[in-house]
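Here the structure comes first, spelled out in structure tokens, and everything after it is commentary.
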Amino acid sequence: MGKNICRVLRQKDVGAMGVGAMIIFIAMVVVAGIAAAVIIQTSSKLETQALKTGRETLAVVASGIKILGIDGHNTSGAIDQMAIYLSVLSGAPDFDIGQAVIELSNSEYKYLLRYGGALTNTSSVGGDIFGVSDFGTDDTFAVIVLQDADGSLSDANPVLNYGDHVALAIDVDLVFGASIPPRTDVFGLVIPEEGAYSTIGFTTPASITTEVVELQ
């Protein structure tokens with residue numbers, strides 16, 4: 001009888017071990033499933049982020065604008081108006097001037113200007129940039145069209161594409177509250193909605209004598 005009792009006990013131990021092993025196995029399967037789900041989710045997020053970063057990088061590298069030069073208008077030995085000549089980079093997508101921002105500083109104050117809706121074609125003023133009547137306000141700039149073969153630039157939708165040239169017109173008197181005197185450092189940025197920005201940086205001459213001054 002004692003041997004039968006031992007045999008029964010051993011059988012119960014084996015059964016208990018089998019149940020324990022099954023529980024451990026199920027737990028391992030559950031943990032592995034959770035780990036796999038986390039890895040898949042993480043890899044998916046990383047892939048999405050990588051694609052987004054790639055698109056943003058391509059947008060910055062492949063698009064942008066360039067400043068061709070900056071002229072100033074002289075009144076009484078100081079700059080009262082400014083024209084920033086602009087075009088898009090080769091191969092760049094269209095540039096919506098209506099979404100652009102000009103950041104401008106005279107080392108004392110910084111101003112932000114947006115497109116104010118005023119657009120003029122130089123043909124209407126005989127090609128005289130500073131003969132244009134509207135150079136913007138104290139917080140806006142105007143656009144002067146120099147070249148626009150496809151007619152993509154309008155006052156309501158000023159879109160600059162490759163081959164077009166414009167001048168961004170700034171009324172310095174209104175923006176800074178006074179004309180820019182000689183020996184003044186001026187710097188800033190022309191910031192498009194997407195792509196590389198262009199830098200403004202010049203010092204007005206020690207003596208301003210001509211009507212139109214090349215600043216940059």
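Numbering starts fresh at 1 for the residues of each chain in the structure tokens, the chains themselves are lettered A, B, ... in the order given, and ligands are numbered from 1 as they appear.
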Using the chain letters and numbers from this document, which residues of region 65-135 of chain A does DSSP assign to strand (DSSP E), as a tab-separated table (two decimals) with N, CA and C atoms, in the first residue's frame?
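states_12.tsv, freshly written:
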```tsv
chain	number	residue	atom	x	y	z
A	65	ILE	N	15.40	80.76	-52.39
A	65	ILE	CA	15.46	82.02	-53.13
A	65	ILE	C	16.86	82.62	-53.00
A	66	LYS	N	17.17	83.56	-53.86
A	66	LYS	CA	18.45	84.23	-53.76
A	66	LYS	C	18.27	85.73	-53.98
A	67	ILE	N	19.01	86.51	-53.23
A	67	ILE	CA	19.01	87.96	-53.37
A	67	ILE	C	20.06	88.33	-54.40
A	68	LEU	N	19.63	89.01	-55.45
A	68	LEU	CA	20.54	89.41	-56.52
A	68	LEU	C	21.25	90.72	-56.21
A	69	GLY	N	20.67	91.51	-55.33
A	69	GLY	CA	21.25	92.79	-54.97
A	69	GLY	C	20.26	93.63	-54.20
A	70	ILE	N	20.74	94.69	-53.59
A	70	ILE	CA	19.88	95.62	-52.85
A	70	ILE	C	20.30	97.04	-53.18
A	71	ASP	N	19.33	97.87	-53.59
A	71	ASP	CA	19.58	99.29	-53.85
A	71	ASP	C	18.81	100.14	-52.85
A	72	GLY	N	19.36	101.30	-52.58
A	72	GLY	CA	18.69	102.25	-51.69
A	72	GLY	C	18.50	103.59	-52.38
A	73	HIS	N	17.44	104.30	-52.00
A	73	HIS	CA	17.17	105.63	-52.56
A	73	HIS	C	17.61	106.70	-51.57
A	74	ASN	N	18.36	107.64	-52.06
A	74	ASN	CA	18.93	108.69	-51.22
A	74	ASN	C	18.05	109.94	-51.23
A	75	THR	N	17.72	110.39	-50.04
A	75	THR	CA	17.07	111.69	-49.88
A	75	THR	C	17.78	112.42	-48.74
A	78	ALA	N	20.51	110.30	-46.78
A	78	ALA	CA	20.11	109.11	-46.01
A	78	ALA	C	19.20	108.24	-46.88
A	79	ILE	N	19.11	106.96	-46.55
A	79	ILE	CA	18.33	106.01	-47.33
A	79	ILE	C	16.88	106.00	-46.83
A	80	ASP	N	15.96	106.40	-47.72
A	80	ASP	CA	14.55	106.45	-47.31
A	80	ASP	C	13.71	105.34	-47.95
A	81	GLN	N	14.25	104.68	-48.98
A	81	GLN	CA	13.56	103.56	-49.61
A	81	GLN	C	14.59	102.49	-49.97
A	82	MET	N	14.12	101.26	-50.05
A	82	MET	CA	15.03	100.16	-50.34
A	82	MET	C	14.35	99.15	-51.26
A	83	ALA	N	15.11	98.62	-52.22
A	83	ALA	CA	14.61	97.60	-53.15
A	83	ALA	C	15.50	96.38	-53.08
A	84	ILE	N	14.92	95.22	-52.76
A	84	ILE	CA	15.65	93.96	-52.66
A	84	ILE	C	15.31	93.13	-53.90
A	85	TYR	N	16.30	92.91	-54.77
A	85	TYR	CA	16.07	92.18	-56.02
A	85	TYR	C	16.16	90.67	-55.75
A	86	LEU	N	15.16	89.94	-56.24
A	86	LEU	CA	14.98	88.56	-55.82
A	86	LEU	C	14.64	87.66	-57.00
A	87	SER	N	15.11	86.40	-56.93
A	87	SER	CA	14.71	85.36	-57.87
A	87	SER	C	14.77	84.02	-57.14
A	88	VAL	N	14.22	82.98	-57.76
A	88	VAL	CA	14.28	81.65	-57.15
A	88	VAL	C	15.51	80.91	-57.67
A	95	PHE	N	7.74	80.03	-55.68
A	95	PHE	CA	7.86	80.72	-54.39
A	95	PHE	C	6.69	81.69	-54.23
A	96	ASP	N	5.87	81.45	-53.23
A	96	ASP	CA	4.71	82.31	-52.96
A	96	ASP	C	5.16	83.49	-52.11
A	101	VAL	N	8.28	86.31	-45.34
A	101	VAL	CA	8.48	87.28	-44.26
A	101	VAL	C	9.87	87.90	-44.43
A	102	ILE	N	9.94	89.21	-44.27
A	102	ILE	CA	11.23	89.90	-44.26
A	102	ILE	C	11.53	90.31	-42.83
A	103	GLU	N	12.68	89.88	-42.36
A	103	GLU	CA	13.16	90.27	-41.03
A	103	GLU	C	14.26	91.31	-41.23
A	104	LEU	N	14.12	92.46	-40.62
A	104	LEU	CA	15.04	93.57	-40.87
A	104	LEU	C	15.42	94.25	-39.56
A	105	SER	N	16.72	94.56	-39.41
A	105	SER	CA	17.19	95.20	-38.17
A	105	SER	C	18.27	96.23	-38.49
A	110	LYS	N	14.35	95.41	-34.36
A	110	LYS	CA	14.10	94.39	-35.37
A	110	LYS	C	12.64	94.48	-35.80
A	111	TYR	N	12.42	94.40	-37.12
A	111	TYR	CA	11.07	94.53	-37.66
A	111	TYR	C	10.75	93.33	-38.55
A	112	LEU	N	9.48	92.91	-38.53
A	112	LEU	CA	9.00	91.82	-39.38
A	112	LEU	C	7.99	92.39	-40.37
A	113	LEU	N	8.22	92.15	-41.65
A	113	LEU	CA	7.35	92.68	-42.70
A	113	LEU	C	6.73	91.54	-43.50
A	114	ARG	N	5.49	91.71	-43.87
A	114	ARG	CA	4.80	90.76	-44.73
A	114	ARG	C	4.28	91.47	-45.98
A	115	TYR	N	3.93	90.68	-46.98
A	115	TYR	CA	3.41	91.25	-48.22
A	115	TYR	C	2.08	91.95	-47.94
A	116	GLY	N	1.98	93.19	-48.41
A	116	GLY	CA	0.79	93.99	-48.11
A	116	GLY	C	-0.24	94.04	-49.22
A	117	GLY	N	-0.01	93.32	-50.33
A	117	GLY	CA	-1.00	93.30	-51.40
A	117	GLY	C	-0.75	94.28	-52.51
A	118	ALA	N	0.32	95.09	-52.42
A	118	ALA	CA	0.63	96.07	-53.46
A	118	ALA	C	1.66	95.49	-54.42
A	119	LEU	N	1.28	95.42	-55.71
A	119	LEU	CA	2.18	94.90	-56.74
A	119	LEU	C	2.15	95.83	-57.94
A	120	THR	N	3.34	96.21	-58.42
A	120	THR	CA	3.45	97.15	-59.54
A	120	THR	C	4.40	96.58	-60.57
A	121	ASN	N	4.07	96.76	-61.84
A	121	ASN	CA	4.96	96.37	-62.93
A	121	ASN	C	5.80	97.57	-63.34
```
| query | Of the residues A:Val212, A:Ala32, A:Ala92, A:Val166, which is the one nearest to Gly131 (chain A), using only C-alpha atoms? | reply |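 So, comparing all the options, the nearest one is A:Val212.
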| field | Selected residue, from A:Glu193, A:Asp185, A:Asp155, A:Asp138, that lies nearest to Ala206 (chain A) when counting only C-alpha atoms | value | A:Asp185
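Among the candidate residues A:Glu47, A:Asp94, A:Asp134, A:Asp171, the one lying nearest to Pro158 (chain A) is A:Asp94, with distances computed using only C-alpha atoms.
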| task | Have a look at A:Gly91, A:Thr122, A:Ala169, A:Val175 and name the one nearest to Ala142 (chain A); count only C-alpha atoms. | result |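 Nearest candidate to Ala142 (chain A) out of A:Gly91, A:Thr122, A:Ala169, A:Val175: A:Ala169.
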| field | DSSP-assigned helix (DSSP H, G or I) among region 59-125 of chain A, expressed as a ChimeraX atom specification | value | /A:59-62,97-99,122-125
